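Contents: one structure, followed by commentary.
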Amino acid sequence: MIYQLEMILVLACVGAACAVPGVFLVLRRVALVADAISHVLLFGIVVAFLAIGELDSPWLFFGATASGVLTVALVELLGRSDRVAEDAAIGLVFTALFAAGTLLASLYTREKHLDVDSVLLGFAEVAPFDRLGWFDTLPRSAVILLGLFALELALVVAFFKELKLATFDAALASTFGFAPILLHYGLMTMTSLTAVAAFDAVGPVVVVALFVVPAATAYLLTDRLGTMIALSVGIGVLGGVLGTLLAMALDTNVAGTVATAVGLQFGLVFLVAPDRGLISQLRQGWRNRREFPVRMLAIHLHQHEGTAIEEDESRLADLHRHLHWLPAEVRRVVARAERSGLVERTGDRLRVTPAGRELALRSLVA
Amino acid sequence: MILLDNPALRPVALGLTAIGVLAGVVGTFAVVRRQSLQGDAISHAALPGVALAFMLGGRSPLMIVLGAACTGWLAMTLVKGVTSRSRIPFDTALAGALAVFFGFGLVLMTYLRKLNEILGTREPDNFLEEYLRPHARDAVHHGLEKYLFGQAAFLQDGDVTTIVGLGVAILTLLALFWKQLKLASFDRDFAASLGFPMRGLELLMTSLIVCTVVLGLQFVGVVLMSALLVAPVVAARQWVQRLGPLCILAGVIGGAAGFFGAILGHQRQGLPAGPLVVLAVTAMVVASILFAPQNGLVWGLLRKRVTA
């Protein structure tokens, strides 16, 4: 029971710690840099492992983080040389470093034990057994990730104004002397650190889902940066918890199930989000399609009200000629307008009611 | 050419060369559209398709390719749908789809393994294990390279025939719709105003990239496939300006990288060909950026020094 609770805790911490930098990755359009970083961590781990020779050294942690920052620097360098577009630069750098890491691993780590399965897929299942020497009440990953989460929150609170401006208006931020480059590297360093810390539990690919998807889900729900960060954290934690519970119930890979869970959360919000959701978009479109001809009818009748040609223009049988609609369409729209009390029939002629006149005026002004 | 008489090397060299050529040509379109990492996303998103193909009982390479193509294609369609129906940026949608599909693939894999245990399948699913997640703990480097860099060393003559056959089909389609795809890549609005079926063309382009990725995936792996779609094009772009020559040169460079990688891997026994191909093509990119006749960074620096 404690094991299960601790596993849930670890994944909830991964969700929370990834969700904060994730917001800025999404807003600054560098989500794929996070993907590159998480792939390159393997290179950093292998190099640090070769230099130090043991897997438990904290230097592995820093080596991996440094390789993430190196990736960002190389991408930036290539991008600034003006020879390569940014997305292509990302594709170049991470594949090259990854290949170098693999080659080094296959050349020098034949005898030594480097568990690639866990490096590759993440082993959430064993995370609860991994403890820090000096603090063993909670699993190691949970402690580190909680620490990182606290650091992220502190940084966001301390630099909220700077982050906000640099994210939404980099040019203005740099004229104010906010050093957007510094902020960029700060964000990328935090992303690398978080990815390394989450790596143990969920592996390099699923960590990308936890960076990007909760933040994207929050982006569908709000326009405010503070709210977006809070929502993103909430969604990330919820995804971590639900995913772990689901994995326990189905006895499947925890990391993969958590990724699936945040994916499903996004799908749900994408469908039902107020205003921006697919359903409300479709409904809005459908409503517009229904309302627009009624408005046109009201405007038409109102325009000719009290003119010499009113009688001709408002004759029910001739309306389709004036509006250039099909007769069947005219009948449908007139029926709808009558039901809404916007027009009324007198003999073979149609006239707007006061409500219809008001609608026409409002439509013409707007 | 004497090397090609070696029956162990020939299929590997030919297969990698063919995949390199194909990826270079098709990748050109991904890169000029600023969607270089599509290949990366597709190759990750293929994982659940491979697992599904196995669940439905497909053991033949064709079934697996089909399954991989289905989910790879589904992922790209979802990315397009989400970006056109919301304000989610393209890169976020791509990264999200990549990771979520891959995660779902992991779920299916563990489920599949459990299913096999319950059904008491005596015969271990060797092929799937090798394809997806070799758990040879003692030969860690092997596992890693098989999953991420494919099994280039196991390419056989039959595979080469498949690659060349499908490759020719893909290139033929590309040639047939050359004019349309070119215009749609560079000036969408103009193409739409000429009455080109934009949705159909997008679909065709996505499908061609998906087919290329999935075809190469099982032989060269996830990461190499991403590299082969991007790097040859970036290298070629330093030398030429026009789309036609760019495609051809990217194909040549991709093919050369595949060939050299295979030869190097053969001469230094035990080195995986996949990473060697990536490093070969990366070296070509660096050389091109530095020394290409017009754009080369080195010439720029020299010129500056001369005028100074």
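Starting from 1 in every chain, residues are counted up; chains themselves are A, B, ... following the order of the structure tokens, and ligands are numbered from 1 as listed.
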Would you pick out the contacts of Asp40 (chain B) at 9 Å or less, using only C-alpha atoms, so that residues sharing its chain but fewer than 6 positions from it are not included, and give the list as an MDAnalysis selection string? (chainID A and resid 91) or (chainID B and resid 98 213 222:223 225:227 229)
Pick out the residues sitting within 12 Å of Gly306 (chain A), and hand them over as a PDB file with C-alpha atoms, in the first residue's frame; count only C-alpha atoms, and ignore anything fewer than 6 positions along from it in its own chain.
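Output saved as part23.pdb:
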```pdb
ATOM      1  CA  ASP A 312     -42.660  44.760 -54.083  1.00  0.00           C
ATOM      2  CA  GLU A 313     -39.636  44.018 -51.927  1.00  0.00           C
ATOM      3  CA  SER A 314     -41.539  42.375 -49.099  1.00  0.00           C
ATOM      4  CA  ARG A 351     -42.852  42.951 -42.248  1.00  0.00           C
ATOM      5  CA  VAL A 352     -40.416  43.280 -39.397  1.00  0.00           C
TER       6      VAL A 352
END
```
Which residues of chain A sit at most 8 Å from chain B, using only C-alpha atoms? Give each one's shortest atom pair and distance in Å (one decimal place), in chain and ascending residue order, as a Markdown table.
```
| residue | atom | partner | partner_atom | distance |
| --- | --- | --- | --- | --- |
| A:Val26 | CA | B:Thr92 | CA | 5.9 |
| A:Arg29 | CA | B:Asp91 | CA | 6.5 |
| A:Val30 | CA | B:Asp91 | CA | 7.1 |
| A:Ala31 | CA | B:Thr92 | CA | 5.2 |
| A:Leu32 | CA | B:Ala95 | CA | 5.8 |
| A:Asp35 | CA | B:Ala95 | CA | 6.7 |
| A:Arg83 | CA | B:Ile289 | CA | 7.0 |
| A:Val84 | CA | B:Val234 | CA | 6.7 |
| A:Ala85 | CA | B:Arg34 | CA | 7.3 |
| A:Asp87 | CA | B:Ser36 | CA | 5.9 |
| A:Ala88 | CA | B:Ser36 | CA | 5.3 |
| A:Gly91 | CA | B:Leu37 | CA | 6.2 |
| A:Leu92 | CA | B:Ala231 | CA | 5.9 |
| A:Thr95 | CA | B:Ala227 | CA | 5.7 |
| A:Ala96 | CA | B:Leu279 | CA | 6.0 |
| A:Phe98 | CA | B:Val223 | CA | 7.9 |
| A:Ala99 | CA | B:Pro275 | CA | 4.5 |
| A:Ala100 | CA | B:Pro275 | CA | 6.9 |
| A:Thr102 | CA | B:Pro275 | CA | 6.9 |
| A:Leu103 | CA | B:Pro275 | CA | 6.3 |
| A:Ala105 | CA | B:His141 | CA | 6.5 |
| A:Ser106 | CA | B:His141 | CA | 5.0 |
| A:Leu107 | CA | B:Leu271 | CA | 7.4 |
| A:Thr109 | CA | B:His141 | CA | 7.6 |
| A:Arg110 | CA | B:His141 | CA | 6.9 |
| A:His113 | CA | B:Asp138 | CA | 7.8 |
| A:Leu114 | CA | B:Val140 | CA | 7.0 |
| A:Asp115 | CA | B:Val140 | CA | 6.8 |
| A:Val116 | CA | B:Val140 | CA | 6.1 |
| A:Asp117 | CA | B:His135 | CA | 6.9 |
| A:Val205 | CA | B:Ala99 | CA | 5.5 |
| A:Val206 | CA | B:Ala99 | CA | 5.4 |
| A:Val207 | CA | B:Ala99 | CA | 7.8 |
| A:Val208 | CA | B:Ala99 | CA | 5.9 |
| A:Ala209 | CA | B:Ala99 | CA | 4.9 |
| A:Val212 | CA | B:Gly96 | CA | 5.8 |
| A:Val213 | CA | B:Gly96 | CA | 5.5 |
| A:Ala216 | CA | B:Ile88 | CA | 6.6 |
| A:Tyr219 | CA | B:Ile88 | CA | 7.5 |
| A:Leu220 | CA | B:Ser86 | CA | 7.7 |
| A:Asp251 | CA | B:Tyr111 | CA | 7.7 |
| A:Thr252 | CA | B:Thr110 | CA | 5.4 |
| A:Asn253 | CA | B:Val107 | CA | 5.5 |
| A:Val254 | CA | B:Val107 | CA | 7.9 |
| A:Ala255 | CA | B:Gly103 | CA | 6.9 |
| A:Gly256 | CA | B:Gly103 | CA | 3.7 |
| A:Thr257 | CA | B:Val107 | CA | 5.9 |
| A:Val258 | CA | B:Gly103 | CA | 7.6 |
| A:Ala259 | CA | B:Val100 | CA | 5.1 |
| A:Thr260 | CA | B:Phe104 | CA | 5.4 |
| A:Val262 | CA | B:Val100 | CA | 7.7 |
| A:Gly263 | CA | B:Val100 | CA | 5.7 |
| A:Arg276 | CA | B:Ser86 | CA | 6.8 |
| A:Gly277 | CA | B:Ser86 | CA | 7.9 |
| A:Leu278 | CA | B:Arg85 | CA | 7.1 |
```
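Going from CA of Ala46 (chain B) to CA of Ala34 (chain A) covers 20.3 Å.
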For Ala36 (chain A): contacts at 9 Å, only C-alpha atoms, fewer than 6 positions along chain excluded, given as a PyMOL selection string: chain A and resi 68+71-72+90-91+93-95
Go through A:Leu78, A:Leu145, A:Ala337, A:Leu350 and flag the residue nearest Phe199 (chain A), using only C-alpha atoms for the distances. A:Leu145
Pick out the closest residue to Gly165 (chain B) from this set: B:Gly251, B:Gly15, B:Gly72, B:Pro7. Count only C-alpha atoms.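 Distance minimum relative to Gly165 (chain B) lands on B:Gly15.
Interatomic distance, CA of Gly356 (chain A) to CA of Ala298 (chain A): 5.8 Å.
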Do a neighbour search on Met76 (chain B) at 9 Å with only C-alpha atoms, toss out local chain neighbours closer than 5 positions, and write the hits as a list in words.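 Here the answer would be Gln38, Ala41, Ile42, Ala45, Thr71, Gly81, Leu94, Ala97, Thr206 and Val210 of chain B.
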May I have the selected residues written with N, CA and C atoms, as an mmCIF file, in the first residue's frame?
```
data_model
loop_
_atom_site.group_PDB
_atom_site.id
_atom_site.type_symbol
_atom_site.label_atom_id
_atom_site.label_comp_id
_atom_site.auth_asym_id
_atom_site.auth_seq_id
_atom_site.Cartn_x
_atom_site.Cartn_y
_atom_site.Cartn_z
ATOM 1 N N GLN B 38 8.954 16.463 -38.336
ATOM 2 C CA GLN B 38 7.855 15.547 -38.626
ATOM 3 C C GLN B 38 8.304 14.095 -38.582
ATOM 4 N N ALA B 41 8.613 12.770 -35.142
ATOM 5 C CA ALA B 41 7.304 12.499 -34.541
ATOM 6 C C ALA B 41 6.699 11.226 -35.120
ATOM 7 N N ILE B 42 6.783 11.078 -36.437
ATOM 8 C CA ILE B 42 6.172 9.898 -37.059
ATOM 9 C C ILE B 42 6.845 8.623 -36.567
ATOM 10 N N ALA B 45 5.624 7.883 -33.181
ATOM 11 C CA ALA B 45 4.195 7.553 -33.176
ATOM 12 C C ALA B 45 3.924 6.208 -33.830
ATOM 13 N N THR B 71 -0.633 4.396 -37.365
ATOM 14 C CA THR B 71 -0.587 5.294 -36.208
ATOM 15 C C THR B 71 0.281 6.516 -36.489
ATOM 16 N N GLY B 81 -5.086 18.605 -37.214
ATOM 17 C CA GLY B 81 -6.407 18.971 -36.719
ATOM 18 C C GLY B 81 -6.321 19.916 -35.527
ATOM 19 N N LEU B 94 3.231 18.761 -32.198
ATOM 20 C CA LEU B 94 4.101 17.693 -32.683
ATOM 21 C C LEU B 94 4.768 16.968 -31.511
ATOM 22 N N ALA B 97 2.114 14.980 -29.510
ATOM 23 C CA ALA B 97 1.658 13.771 -30.198
ATOM 24 C C ALA B 97 2.736 12.695 -30.149
ATOM 25 N N THR B 206 2.033 14.279 -46.420
ATOM 26 C CA THR B 206 2.149 13.574 -45.147
ATOM 27 C C THR B 206 2.314 12.078 -45.374
ATOM 28 N N VAL B 210 5.297 9.705 -44.172
ATOM 29 C CA VAL B 210 5.008 8.565 -43.286
ATOM 30 C C VAL B 210 5.556 7.276 -43.891
#
```
Neighbours of Phe196 (chain B) within 12 Å (only C-alpha atoms; same-chain residues fewer than 2 positions away dropped), as a PyMOL selection string? chain B and resi 177+179-184+187-194+198-202
What's the separation between CA of Leu176 (chain B) and CA of Gln241 (chain B), in Å to one decimal place? 21.7 Å
Nearby residues (only C-alpha atoms) at most 12 Å from Ala175 (chain B), same-chain spacing under 6 positions excluded, as a compact mmCIF listing (two decimals) with all heavy atoms, in the first residue's frame:
```txt
# COMPACT_ATOMS: atom_id res chain seq x y z
N VAL B 25 15.50 12.82 -50.42
CA VAL B 25 14.59 13.45 -51.38
C VAL B 25 13.28 13.84 -50.69
O VAL B 25 12.82 14.99 -50.79
CB VAL B 25 14.31 12.49 -52.56
CG1 VAL B 25 13.26 13.08 -53.47
CG2 VAL B 25 15.59 12.21 -53.32
N VAL B 26 12.67 12.91 -49.97
CA VAL B 26 11.39 13.21 -49.32
C VAL B 26 11.58 14.24 -48.21
O VAL B 26 10.75 15.13 -48.02
CB VAL B 26 10.75 11.92 -48.77
CG1 VAL B 26 9.48 12.23 -48.02
CG2 VAL B 26 10.46 10.96 -49.91
N VAL B 168 10.91 3.43 -55.12
CA VAL B 168 10.64 3.88 -56.49
C VAL B 168 9.20 4.37 -56.59
O VAL B 168 8.91 5.40 -57.21
CB VAL B 168 10.92 2.75 -57.50
CG1 VAL B 168 10.35 3.09 -58.86
CG2 VAL B 168 12.41 2.50 -57.59
N ALA B 169 8.27 3.65 -55.92
CA ALA B 169 6.87 4.07 -55.95
C ALA B 169 6.72 5.47 -55.34
O ALA B 169 6.04 6.34 -55.89
CB ALA B 169 6.01 3.06 -55.19
N LEU B 181 3.15 19.95 -55.53
CA LEU B 181 3.75 19.91 -54.19
C LEU B 181 4.72 21.07 -53.99
O LEU B 181 4.80 21.65 -52.92
CB LEU B 181 4.48 18.58 -53.98
CG LEU B 181 3.56 17.37 -53.85
CD1 LEU B 181 4.36 16.08 -53.83
CD2 LEU B 181 2.70 17.48 -52.59
N LYS B 182 5.44 21.42 -55.06
CA LYS B 182 6.38 22.52 -54.98
C LYS B 182 5.66 23.82 -54.66
O LYS B 182 6.02 24.55 -53.73
CB LYS B 182 7.10 22.63 -56.33
CG LYS B 182 8.15 23.71 -56.41
CD LYS B 182 8.80 23.64 -57.78
CE LYS B 182 9.79 24.75 -57.99
NZ LYS B 182 10.41 24.65 -59.32
N LEU B 208 3.49 10.48 -47.96
CA LEU B 208 4.80 10.13 -48.51
C LEU B 208 5.86 10.13 -47.40
O LEU B 208 6.70 9.23 -47.34
CB LEU B 208 5.21 11.11 -49.62
CG LEU B 208 4.41 11.01 -50.92
CD1 LEU B 208 4.94 11.99 -51.94
CD2 LEU B 208 4.47 9.60 -51.47
N GLY B 244 14.65 21.51 -57.28
CA GLY B 244 14.99 20.30 -58.01
C GLY B 244 16.39 19.81 -57.67
O GLY B 244 16.56 18.67 -57.19
N CYS B 247 16.66 18.56 -54.06
CA CYS B 247 16.16 17.19 -53.87
C CYS B 247 17.22 16.18 -54.30
O CYS B 247 17.51 15.22 -53.59
CB CYS B 247 14.90 16.97 -54.71
SG CYS B 247 13.40 17.12 -53.78
N ILE B 248 17.77 16.40 -55.50
CA ILE B 248 18.72 15.42 -56.04
C ILE B 248 19.97 15.35 -55.18
O ILE B 248 20.42 14.27 -54.78
CB ILE B 248 19.07 15.79 -57.49
CG1 ILE B 248 17.81 15.63 -58.36
CG2 ILE B 248 20.20 14.92 -58.02
CD1 ILE B 248 17.94 16.20 -59.74
```
Could you give me the residues within region 139-314 of chain A that DSSP places in alpha helix (DSSP H), as a PyMOL selection string? chain A and resi 140-158+160-168+170-175+180-219+225-250+254-272+278-303+310-313
Among the residues A:Ala73, A:Glu305, A:Asp348, A:Glu6, the one that comes closest to Thr189 (chain A) [using only C-alpha atoms]: A:Ala73
